[in-house]
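Q: I am sharing input21.txt, which consists of compact mmCIF, C-alpha atoms:
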```txt
# COMPACT_ATOMS: atom_id res chain seq x y z
CA MET K 1 -10.52 26.28 0.32
CA ARG K 2 -7.41 25.59 2.37
CA TYR K 3 -7.53 25.22 6.13
CA GLU K 4 -4.78 24.89 8.63
CA ALA K 5 -5.69 22.41 11.32
CA ARG K 6 -4.04 22.44 14.72
CA VAL K 7 -4.66 19.24 16.55
CA GLU K 8 -3.93 19.11 20.26
CA ILE K 9 -3.67 15.63 21.70
CA THR K 10 -3.82 15.04 25.45
CA HIS K 11 -4.29 12.08 27.75
CA LEU K 12 -7.86 11.13 28.52
CA PRO K 13 -8.88 12.10 32.04
CA GLY K 14 -7.91 9.30 34.41
CA ILE K 15 -5.08 8.01 32.21
CA ALA K 16 -1.73 8.47 33.91
CA ASP K 17 0.53 11.08 32.32
CA PRO K 18 4.06 10.26 33.53
CA GLN K 19 5.60 13.15 31.56
CA GLY K 20 3.21 15.68 33.06
CA ALA K 21 3.83 14.26 36.52
CA THR K 22 7.61 14.51 36.08
CA VAL K 23 7.43 18.10 34.86
CA GLU K 24 5.15 18.95 37.76
CA ARG K 25 7.66 17.51 40.22
CA SER K 26 10.49 19.47 38.58
CA LEU K 27 8.96 22.95 38.65
CA PRO K 28 9.17 23.51 42.42
CA ALA K 29 12.95 23.03 42.15
CA LEU K 30 12.99 26.25 40.11
CA GLY K 31 10.90 28.06 42.66
CA TYR K 32 7.51 27.54 41.03
CA ASP K 33 5.71 25.90 43.88
CA ASN K 34 2.28 27.17 42.86
CA VAL K 35 1.83 24.88 39.82
CA SER K 36 -0.54 21.93 39.53
CA GLN K 37 -2.32 19.82 36.89
CA VAL K 38 0.59 19.73 34.43
CA ARG K 39 -0.31 17.67 31.36
CA VAL K 40 2.09 16.98 28.50
CA GLY K 41 0.55 16.26 25.10
CA LYS K 42 1.25 16.54 21.41
CA SER K 43 0.52 19.18 18.81
CA ILE K 44 0.11 18.32 15.14
CA ARG K 45 -0.41 20.87 12.37
CA LEU K 46 -1.54 20.13 8.86
CA VAL K 47 -3.19 21.83 5.91
CA VAL K 48 -6.24 20.35 4.21
CA GLU K 49 -8.10 21.35 1.11
CA ALA K 50 -11.84 21.02 1.44
CA PRO K 51 -15.00 22.63 0.03
CA ASP K 52 -15.84 24.23 3.38
CA GLU K 53 -14.91 24.28 7.05
CA ALA K 54 -17.40 21.60 8.06
CA ALA K 55 -15.99 19.20 5.50
CA ALA K 56 -12.44 19.97 6.62
CA ARG K 57 -13.39 19.37 10.26
CA THR K 58 -15.09 16.06 9.48
CA GLN K 59 -12.02 14.85 7.64
CA VAL K 60 -9.50 15.93 10.30
CA ASP K 61 -11.70 14.38 12.97
CA GLU K 62 -11.59 11.11 11.06
CA MET K 63 -7.78 11.36 10.74
CA CYS K 64 -7.52 11.87 14.49
CA HIS K 65 -9.70 8.90 15.22
CA ARG K 66 -7.96 6.59 12.78
CA LEU K 67 -4.32 7.59 13.17
CA LEU K 68 -3.28 10.84 14.84
CA ALA K 69 -4.64 9.95 18.27
CA ASN K 70 -5.23 6.66 20.05
CA PRO K 71 -8.82 6.96 21.33
CA VAL K 72 -8.07 4.30 23.98
CA ILE K 73 -5.85 6.68 25.94
CA GLU K 74 -5.95 10.05 24.20
CA ALA K 75 -8.37 12.93 23.66
CA TYR K 76 -7.99 15.51 20.92
CA GLU K 77 -9.14 18.99 20.03
CA ILE K 78 -9.14 20.47 16.55
CA GLU K 79 -8.73 24.12 15.73
CA LEU K 80 -9.24 25.20 12.12
CA THR K 81 -8.09 28.42 10.45
CA GLU K 82 -8.96 29.32 6.90
CA LEU K 83 -5.84 30.16 4.90
CA ALA K 84 -5.75 33.01 2.42
CA SER K 85 -5.97 31.65 -1.11
CA VAL K 86 -2.59 31.47 -2.86
CA THR K 87 -3.77 32.74 -6.27
CA MET W 88 5.68 -31.88 10.71
CA SER W 89 7.08 -28.97 12.60
CA ALA W 90 4.97 -25.87 13.10
CA ARG W 91 5.63 -22.96 10.74
CA ILE W 92 5.98 -19.76 12.69
CA GLY W 93 5.61 -16.58 10.65
CA ILE W 94 7.72 -13.75 12.07
CA VAL W 95 6.66 -10.27 11.00
CA GLN W 96 9.42 -7.91 10.03
CA PHE W 97 8.70 -4.18 9.85
CA PRO W 98 11.37 -1.62 9.03
CA GLY W 99 12.81 -1.09 12.52
CA THR W 100 12.01 -4.52 13.93
CA ASN W 101 15.09 -5.86 15.71
CA CYS W 102 14.16 -9.02 17.61
CA GLU W 103 13.12 -11.17 14.65
CA LEU W 104 16.35 -13.19 14.50
CA ASP W 105 16.24 -13.93 18.22
CA VAL W 106 12.70 -15.24 17.83
CA ALA W 107 13.67 -17.27 14.75
CA TRP W 108 16.64 -18.78 16.59
CA ALA W 109 14.54 -19.75 19.60
CA VAL W 110 11.77 -21.22 17.40
CA GLU W 111 14.33 -23.28 15.50
CA GLN W 112 15.97 -24.55 18.70
CA LEU W 113 12.56 -25.76 19.86
CA GLY W 114 11.87 -27.63 16.64
CA GLY W 115 9.70 -25.09 14.82
CA THR W 116 10.22 -23.67 11.35
CA PRO W 117 10.62 -19.89 11.34
CA GLU W 118 9.46 -17.98 8.30
CA MET W 119 10.17 -14.26 7.94
CA LEU W 120 7.20 -12.21 6.76
CA TRP W 121 8.14 -8.79 5.36
CA HIS W 122 5.62 -6.13 6.38
CA ALA W 123 4.69 -5.33 2.76
CA GLU W 124 3.52 -8.89 2.12
CA ALA W 125 -0.21 -9.45 1.93
CA GLU W 126 -0.15 -13.16 2.80
CA LEU W 127 1.14 -15.24 5.71
CA ARG W 128 2.41 -17.98 3.36
CA GLY W 129 0.81 -20.83 5.25
CA ALA W 130 2.10 -19.93 8.72
CA ASP W 131 0.54 -21.93 11.58
CA ALA W 132 1.21 -19.11 14.04
CA VAL W 133 2.44 -15.53 13.82
CA VAL W 134 4.88 -13.68 16.07
CA VAL W 135 5.09 -9.90 15.94
CA PRO W 136 8.53 -9.39 17.49
CA GLY W 137 10.08 -6.47 19.34
CA GLY W 138 11.91 -3.44 18.01
CA PHE W 139 10.87 -0.02 16.79
CA ALA W 140 8.48 -0.70 13.91
CA HIS W 141 8.46 2.25 11.51
CA GLY W 142 10.60 4.13 14.01
CA ASP W 143 7.72 4.16 16.51
CA TYR W 144 6.80 7.51 14.96
CA LEU W 145 3.67 9.20 16.29
CA ARG W 146 3.06 6.40 18.82
CA THR W 147 4.55 2.95 19.22
CA GLY W 148 2.88 0.64 16.71
CA ALA W 149 0.71 3.41 15.25
CA ILE W 150 2.12 3.27 11.71
CA ALA W 151 2.91 -0.46 11.74
CA ARG W 152 -0.70 -1.43 11.93
CA PHE W 153 -1.26 -0.01 8.44
CA SER W 154 1.34 -2.33 6.88
CA PRO W 155 -0.29 -4.75 4.40
CA VAL W 156 0.80 -7.79 6.42
CA MET W 157 -1.34 -6.61 9.34
CA ASP W 158 -4.55 -7.15 7.36
CA ALA W 159 -3.49 -10.75 6.87
CA VAL W 160 -2.56 -11.05 10.56
CA ALA W 161 -5.97 -9.65 11.55
CA ARG W 162 -7.80 -12.13 9.31
CA PHE W 163 -5.69 -14.98 10.70
CA ALA W 164 -6.40 -13.85 14.27
CA THR W 165 -10.14 -13.54 13.66
CA ALA W 166 -10.14 -17.07 12.27
CA GLY W 167 -8.61 -18.26 15.56
CA GLY W 168 -4.95 -18.50 14.48
CA PRO W 169 -2.38 -18.07 17.25
CA VAL W 170 -0.74 -14.62 17.21
CA VAL W 171 1.79 -13.41 19.77
CA GLY W 172 3.09 -9.85 20.05
CA ILE W 173 6.26 -9.40 22.07
CA CYS W 174 7.19 -5.94 23.41
CA ASN W 175 6.84 -3.64 20.35
CA GLY W 176 4.72 -6.41 18.84
CA PHE W 177 2.33 -6.08 21.81
CA GLN W 178 2.12 -2.35 21.12
CA VAL W 179 1.39 -3.04 17.44
CA LEU W 180 -1.41 -5.50 18.32
CA THR W 181 -3.10 -3.02 20.67
CA GLU W 182 -2.90 -0.26 18.04
CA ALA W 183 -4.38 -2.70 15.52
CA GLY W 184 -7.27 -3.35 17.88
CA LEU W 185 -6.46 -7.06 18.14
CA LEU W 186 -5.86 -6.66 21.87
CA PRO W 187 -7.53 -4.22 24.27
CA GLY W 188 -5.82 -1.32 26.03
CA ALA W 189 -2.61 0.50 25.20
CA LEU W 190 1.03 0.70 26.30
CA GLN W 191 2.34 4.04 27.41
CA LYS W 192 5.53 5.49 28.84
CA ASN W 193 6.84 3.77 31.95
CA ALA W 194 6.03 5.40 35.26
CA GLY W 195 9.16 7.36 36.21
CA LEU W 196 10.06 7.77 32.51
CA THR W 197 12.88 5.25 32.77
CA PHE W 198 13.95 2.89 30.00
CA LEU W 199 13.95 -0.52 31.66
CA CYS W 200 16.43 -3.22 30.74
CA GLU W 201 16.41 -5.93 33.37
CA THR W 202 15.23 -9.44 34.14
CA VAL W 203 12.01 -9.54 36.13
CA ASP W 204 9.77 -12.12 37.76
CA CYS W 205 6.48 -12.71 35.98
CA ARG W 206 3.70 -14.91 37.31
CA VAL W 207 1.69 -17.07 34.94
CA GLU W 208 -1.96 -16.21 35.65
CA THR W 209 -3.71 -18.58 33.27
CA SER W 210 -2.88 -21.54 31.10
CA ARG W 211 -5.82 -20.75 28.84
CA SER W 212 -3.95 -18.92 26.09
CA SER W 213 -1.90 -19.83 23.05
CA LEU W 214 1.25 -18.71 24.87
CA THR W 215 0.70 -20.38 28.24
CA ALA W 216 -1.07 -23.63 27.36
CA LEU W 217 1.81 -25.73 28.76
CA ALA W 218 2.55 -23.47 31.73
CA THR W 219 1.07 -23.77 35.20
CA PRO W 220 -0.79 -20.85 36.77
CA GLY W 221 1.23 -19.59 39.72
CA ASP W 222 4.57 -20.41 38.10
CA VAL W 223 7.03 -17.53 38.32
CA LEU W 224 9.17 -17.02 35.22
CA ARG W 225 12.37 -14.94 35.07
CA LEU W 226 12.04 -12.96 31.84
CA PRO W 227 13.94 -9.97 30.43
CA ILE W 228 12.13 -6.70 29.77
CA ASN W 229 13.55 -4.02 27.54
CA HIS W 230 11.22 -1.09 27.00
CA PHE W 231 10.38 2.55 27.54
CA GLU W 232 6.68 2.28 26.80
CA GLY W 233 5.44 -0.79 28.60
CA SER W 234 3.00 0.60 31.10
CA TYR W 235 -0.28 -1.13 30.34
CA VAL W 236 -3.44 0.98 30.54
CA CYS W 237 -7.09 0.43 29.72
CA ASP W 238 -10.41 1.74 30.96
CA GLU W 239 -12.10 0.31 34.03
CA THR W 240 -14.71 -1.66 32.08
CA THR W 241 -12.00 -3.36 30.04
CA ARG W 242 -9.95 -4.11 33.14
CA ARG W 243 -12.91 -5.73 34.83
CA ARG W 244 -13.63 -7.78 31.73
CA LEU W 245 -10.00 -8.91 31.51
CA ARG W 246 -10.09 -10.04 35.14
CA ASP W 247 -13.51 -11.68 35.00
CA ASP W 248 -12.72 -13.54 31.78
CA ASP W 249 -9.30 -14.73 33.03
CA ARG W 250 -7.56 -12.87 30.20
CA ILE W 251 -4.62 -11.49 32.17
CA VAL W 252 -1.96 -13.94 31.06
CA LEU W 253 1.12 -12.69 32.95
CA ARG W 254 1.58 -10.34 35.89
CA TYR W 255 4.75 -8.75 37.21
CA VAL W 256 5.59 -9.95 40.71
CA ARG W 257 7.09 -6.49 41.38
CA ASN W 258 5.61 -3.92 39.03
CA PRO W 259 8.54 -2.27 37.20
CA ASN W 260 6.71 0.21 34.96
CA GLY W 261 3.45 1.29 36.54
CA SER W 262 1.30 -1.12 34.53
CA LEU W 263 -2.33 -1.23 35.60
CA ASP W 264 -3.00 -4.24 37.82
CA ASP W 265 0.65 -5.38 37.36
CA ILE W 266 -0.28 -6.56 33.86
CA ALA W 267 2.63 -7.92 31.81
CA GLY W 268 0.54 -9.74 29.21
CA VAL W 269 -3.08 -10.16 28.11
CA CYS W 270 -4.99 -12.27 25.60
CA SER W 271 -7.92 -11.74 23.27
CA GLU W 272 -11.46 -12.93 23.87
CA GLN W 273 -10.78 -16.03 21.77
CA ARG W 274 -7.52 -16.50 23.78
CA ASN W 275 -5.49 -17.04 20.58
CA VAL W 276 -3.97 -13.54 20.42
CA VAL W 277 -1.51 -12.77 23.21
CA GLY W 278 0.59 -9.67 23.86
CA LEU W 279 3.33 -9.38 26.45
CA MET W 280 6.11 -6.92 27.24
CA PRO W 281 8.74 -9.45 28.46
CA HIS W 282 10.88 -11.28 25.90
CA PRO W 283 10.54 -15.09 26.17
CA GLU W 284 12.93 -15.54 23.22
CA ARG W 285 15.70 -13.93 25.25
CA ALA W 286 15.19 -16.48 27.99
CA SER W 287 15.39 -19.55 25.82
CA GLU W 288 18.82 -20.99 26.60
CA SER W 289 20.95 -21.18 29.71
CA LEU W 290 23.70 -19.11 28.10
CA LEU W 291 21.24 -16.18 28.17
CA GLY W 292 20.76 -16.46 31.93
CA SER W 293 17.29 -17.99 31.93
CA THR W 294 15.38 -20.69 30.11
CA ASP W 295 12.04 -19.70 31.60
CA GLY W 296 10.78 -18.41 28.26
CA VAL W 297 10.92 -21.89 26.75
CA VAL W 298 7.61 -23.03 28.24
CA LEU W 299 5.89 -20.05 26.59
CA LEU W 300 7.41 -20.64 23.16
CA ARG W 301 6.73 -24.37 23.42
CA SER W 302 3.10 -23.55 24.20
CA LEU W 303 2.92 -21.43 21.06
CA LEU W 304 4.51 -24.18 18.95
CA ALA W 305 2.11 -26.76 20.39
CA THR W 306 -0.93 -24.54 19.75
CA ALA W 307 0.33 -23.88 16.23
CA ALA W 308 0.85 -27.59 15.55
CA GLU W 309 -2.69 -28.35 16.77
CA GLY W 310 -4.12 -25.75 14.42
CA ALA W 311 -2.05 -27.15 11.57
CA ALA W 312 -3.36 -30.65 12.30
CA VAL W 313 -6.96 -29.38 12.28
CA ALA W 314 -6.43 -27.48 9.03
```
Can you turn what I pasted into structure tokens?
A:
Amino acid sequence: MRYEARVEITHLPGIADPQGATVERSLPALGYDNVSQVRVGKSIRLVVEAPDEAAARTQVDEMCHRLLANPVIEAYEIELTELASVT
Amino acid sequence: MSARIGIVQFPGTNCELDVAWAVEQLGGTPEMLWHAEAELRGADAVVVPGGFAHGDYLRTGAIARFSPVMDAVARFATAGGPVVGICNGFQVLTEAGLLPGALQKNAGLTFLCETVDCRVETSRSSLTALATPGDVLRLPINHFEGSYVCDETTRRRLRDDDRIVLRYVRNPNGSLDDIAGVCSEQRNVVGLMPHPERASESLLGSTDGVVLLRSLLATAAEGAAVA
């Protein structure tokens, strides 16, 4: 089976997010003065082949831990979608 | 015999020649180590210099730590060999898990290129063995991602174990606890954002980096004598 994984990487709670803070300070200049808690992260998409969804998730989780995210400062969430078979 | 200083070169490293020059001026023997090499070729100490290793893709230092040479650097570090990461090299060493914490974008999102005052906090590290705690060194910084972060437990451990090696006198980048450099538990691995090699002759505006590089050479020579 083929699965598309969408990995969303954000700062761990309590870790400063200077990009989010800068965006948050910029929005009121455009008239949006009702915005708070802006966080800027990263989105990574990839396709994996695996026997089932659980196996795909385990593997992507391992990729996140070992490379895609830095567990010291980042949290991640994985969303999996089964892709229609190409045959 | 002069100490052999291995200088790691990733694609994108750009401070290796400055480090080699400074090492040579101080009587050491620089030896370039290409990132694809699996051995340190008898180096007595290793410097991971600044630059943009592997383009800093994904995160600074994230790809570099998978280079074959890093396995050798990790083994050398675990065995107590002196390893110093400067700027991007510091980022590589944190990603490799050889130093705690991480470096993230500067507060204010500004690329900083200036000379700053850094206070030596301990002489118990391979990079500060000849320096005196309390000494203030004028050292250049040149980075976008130099804001040191770690969790509270790690920070407490760093403070309690006297592992904060250098602190900024005036924090330029939002680093936690004004941290400019830290060392490993064994005190042989040191990472710092400032560039001592760029403060190694008067023509460059400061010679305050010399005491740090001399410390590294002395620690390396000691290790060589023991081995």
Q: Hey, which of W:Leu190, W:Ile228, W:Val256, W:Val223 ends up closest to chain K? Count all atoms listed in the file.
A: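 Selected residue with least distance to chain K: W:Leu190.
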Q: With all atoms listed in the file as the atoms that count, which of K:Arg57, K:Arg6, K:His11, K:Arg39 lies nearest to chain W?
A: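 Among the listed residues, the smallest separation from chain W belongs to K:His11.
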Q: Extract, using only C-alpha atoms, all DNA, RNA and protein residues at most 12 Å from K:Pro51, discarding same-chain residues fewer than 3 positions from it, and format them as JSON, numbers by chain.
A: {"K": [1, 2, 3, 48, 54, 55, 56, 57, 58, 59, 82]}
Q: Take atom CA of W:Phe97 and atom CA of W:His141 and report the distance between them in Å, one decimal.
A: 6.6 Å
Q: For chain W, which residue among K:Val47, K:Val60, K:Ile9, K:Val38 is the nearest when counting only C-alpha atoms?
A: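 Comparing K:Val47, K:Val60, K:Ile9, K:Val38 against chain W, the winner is K:Ile9.
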Q: Counting only C-alpha atoms, collect the residues of chain K whose closest atom lies at most 10 Å from chain W, and write them out as a ChimeraX atom specification.
A: /K:14-19,21-22,42,44,66-73
Q: One decimal, Å: what's the distance from atom CA of W:Val134 over to atom CA of W:Gly176, could you say?
A: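 Atom-to-atom, atom CA of W:Val134 to atom CA of W:Gly176, that is 7.8 Å.
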Q: Show me, as a PyMOL selection string, the residues that have an atom within 7 Å of K:Ala5 when counting all atoms listed in the file, minus same-chain residues fewer than 5 positions from it.
A: chain K and resi 45-47+78-81
Q: For a quick check of understanding, using only C-alpha atoms, which of W:Pro220, W:Gly99, W:Gly292, W:Pro117 has the smallest distance to W:Thr202?
A: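 The shortest atom-to-atom distance to W:Thr202 comes from W:Gly292.
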Q: Determine the nearest neighbour of W:Asp248 from the options W:Ser89, W:Ser212, W:Thr116, W:Asn260, counting only C-alpha atoms.
A: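 Of the candidates, the smallest distance to W:Asp248 is held by W:Ser212.
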Q: Hey, which of K:Glu62, K:Glu77, K:Glu4, K:Glu24 ends up closest to K:Ser43? Count all atoms listed in the file.
A: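 Counting all atoms listed in the file, the residue closest to K:Ser43 is K:Glu77.
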Q: List the residues sitting within 12 Å of (4.1, -6.7, 0.3) in the file's frame, using all atoms listed in the file, as JSON, numbers by chain.
A: {"W": [95, 96, 97, 120, 121, 122, 123, 124, 125, 126, 127, 128, 153, 154, 155, 156, 157, 158, 159]}
Q: What does the file look like for those residues with C-alpha atoms, as a PDB file, in the coordinates of the input?
A:
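Dumped to again-v8.pdb:
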```
ATOM      1  CA  VAL W  95       6.660 -10.270  11.000  1.00  0.00           C
ATOM      2  CA  GLN W  96       9.420  -7.910  10.030  1.00  0.00           C
ATOM      3  CA  PHE W  97       8.700  -4.180   9.850  1.00  0.00           C
ATOM      4  CA  LEU W 120       7.200 -12.210   6.760  1.00  0.00           C
ATOM      5  CA  TRP W 121       8.140  -8.790   5.360  1.00  0.00           C
ATOM      6  CA  HIS W 122       5.620  -6.130   6.380  1.00  0.00           C
ATOM      7  CA  ALA W 123       4.690  -5.330   2.760  1.00  0.00           C
ATOM      8  CA  GLU W 124       3.520  -8.890   2.120  1.00  0.00           C
ATOM      9  CA  ALA W 125      -0.210  -9.450   1.930  1.00  0.00           C
ATOM     10  CA  GLU W 126      -0.150 -13.160   2.800  1.00  0.00           C
ATOM     11  CA  LEU W 127       1.140 -15.240   5.710  1.00  0.00           C
ATOM     12  CA  ARG W 128       2.410 -17.980   3.360  1.00  0.00           C
ATOM     13  CA  PHE W 153      -1.260  -0.010   8.440  1.00  0.00           C
ATOM     14  CA  SER W 154       1.340  -2.330   6.880  1.00  0.00           C
ATOM     15  CA  PRO W 155      -0.290  -4.750   4.400  1.00  0.00           C
ATOM     16  CA  VAL W 156       0.800  -7.790   6.420  1.00  0.00           C
ATOM     17  CA  MET W 157      -1.340  -6.610   9.340  1.00  0.00           C
ATOM     18  CA  ASP W 158      -4.550  -7.150   7.360  1.00  0.00           C
ATOM     19  CA  ALA W 159      -3.490 -10.750   6.870  1.00  0.00           C
TER      20      ALA W 159
END
```
Q: Env of W:Glu272: 12 Å cut, atoms = all atoms listed in the file, seq-sep filter 3 positions within chain, self excluded. Answer as a ChimeraX atom specification.
A: /W:164-165,167,185-187,211-213,241,244-252,269,275-277
Q: Which neighbours of W:Arg91 fall inside 9 Å, counting all atoms listed in the file, when residues of the same chain fewer than 5 positions from it are skipped, and could you give them as a VMD selection string?
A: chain W and resid 115 to 118 129 to 133 304 307 to 308 311
Q: Figure out the distance between atom CA of W:His230 and atom CA of W:Leu300, please, to one decimal in Å.
A: 20.3 Å
Q: Let me have the centre and edge lengths in Å, one decimal, of the box along x, y and z around every listed atom of stretch 113-129 of chain W with 6 Å of margin on each side, as JSON.
A:
```
{"center_x": 6.2, "center_y": -16.5, "center_z": 10.9, "size_x": 24.8, "size_y": 34.3, "size_z": 29.9}
```
Q: Would you mind writing stretch 299-308 of chain W with all heavy atoms, as a compact mmCIF listing (two decimals), in the frame of the given file?
A:
```txt
# COMPACT_ATOMS: atom_id res chain seq x y z
N LEU W 299 6.82 -20.91 27.34
CA LEU W 299 5.89 -20.05 26.59
C LEU W 299 5.99 -20.34 25.09
O LEU W 299 4.98 -20.53 24.41
CB LEU W 299 6.18 -18.57 26.88
CG LEU W 299 6.10 -18.15 28.36
CD1 LEU W 299 6.43 -16.67 28.50
CD2 LEU W 299 4.71 -18.43 28.93
N LEU W 300 7.23 -20.40 24.60
CA LEU W 300 7.41 -20.64 23.16
C LEU W 300 6.96 -22.04 22.78
O LEU W 300 6.38 -22.25 21.72
CB LEU W 300 8.87 -20.39 22.77
CG LEU W 300 9.33 -18.94 22.99
CD1 LEU W 300 10.82 -18.80 22.76
CD2 LEU W 300 8.57 -17.97 22.07
N ARG W 301 7.21 -23.00 23.67
CA ARG W 301 6.73 -24.37 23.42
C ARG W 301 5.21 -24.40 23.35
O ARG W 301 4.63 -25.13 22.54
CB ARG W 301 7.20 -25.31 24.55
CG ARG W 301 8.53 -25.93 24.29
CD ARG W 301 8.71 -27.19 25.17
NE ARG W 301 10.11 -27.48 25.39
CZ ARG W 301 10.93 -27.95 24.45
NH1 ARG W 301 10.47 -28.17 23.23
NH2 ARG W 301 12.19 -28.18 24.73
N SER W 302 4.57 -23.62 24.23
CA SER W 302 3.10 -23.55 24.20
C SER W 302 2.63 -23.04 22.85
O SER W 302 1.69 -23.58 22.26
CB SER W 302 2.58 -22.59 25.29
OG SER W 302 2.95 -23.04 26.57
N LEU W 303 3.31 -22.01 22.36
CA LEU W 303 2.92 -21.43 21.06
C LEU W 303 3.10 -22.46 19.94
O LEU W 303 2.23 -22.64 19.09
CB LEU W 303 3.75 -20.17 20.77
CG LEU W 303 3.44 -19.52 19.42
CD1 LEU W 303 2.02 -18.98 19.38
CD2 LEU W 303 4.43 -18.41 19.10
N LEU W 304 4.24 -23.17 19.98
CA LEU W 304 4.51 -24.18 18.95
C LEU W 304 3.46 -25.30 19.02
O LEU W 304 2.98 -25.77 17.98
CB LEU W 304 5.91 -24.77 19.14
CG LEU W 304 7.07 -23.83 18.79
CD1 LEU W 304 8.41 -24.45 19.17
CD2 LEU W 304 7.07 -23.48 17.31
N ALA W 305 3.10 -25.69 20.23
CA ALA W 305 2.11 -26.76 20.39
C ALA W 305 0.75 -26.30 19.87
O ALA W 305 0.06 -27.04 19.15
CB ALA W 305 2.00 -27.16 21.87
N THR W 306 0.35 -25.06 20.23
CA THR W 306 -0.93 -24.54 19.75
C THR W 306 -0.92 -24.45 18.23
O THR W 306 -1.91 -24.77 17.57
CB THR W 306 -1.20 -23.13 20.35
OG1 THR W 306 -0.94 -23.18 21.75
CG2 THR W 306 -2.64 -22.71 20.13
N ALA W 307 0.21 -24.01 17.68
CA ALA W 307 0.33 -23.88 16.23
C ALA W 307 0.22 -25.25 15.55
O ALA W 307 -0.46 -25.40 14.54
CB ALA W 307 1.66 -23.22 15.87
N ALA W 308 0.87 -26.24 16.13
CA ALA W 308 0.85 -27.59 15.55
C ALA W 308 -0.57 -28.17 15.57
O ALA W 308 -0.99 -28.81 14.62
CB ALA W 308 1.80 -28.51 16.31
```
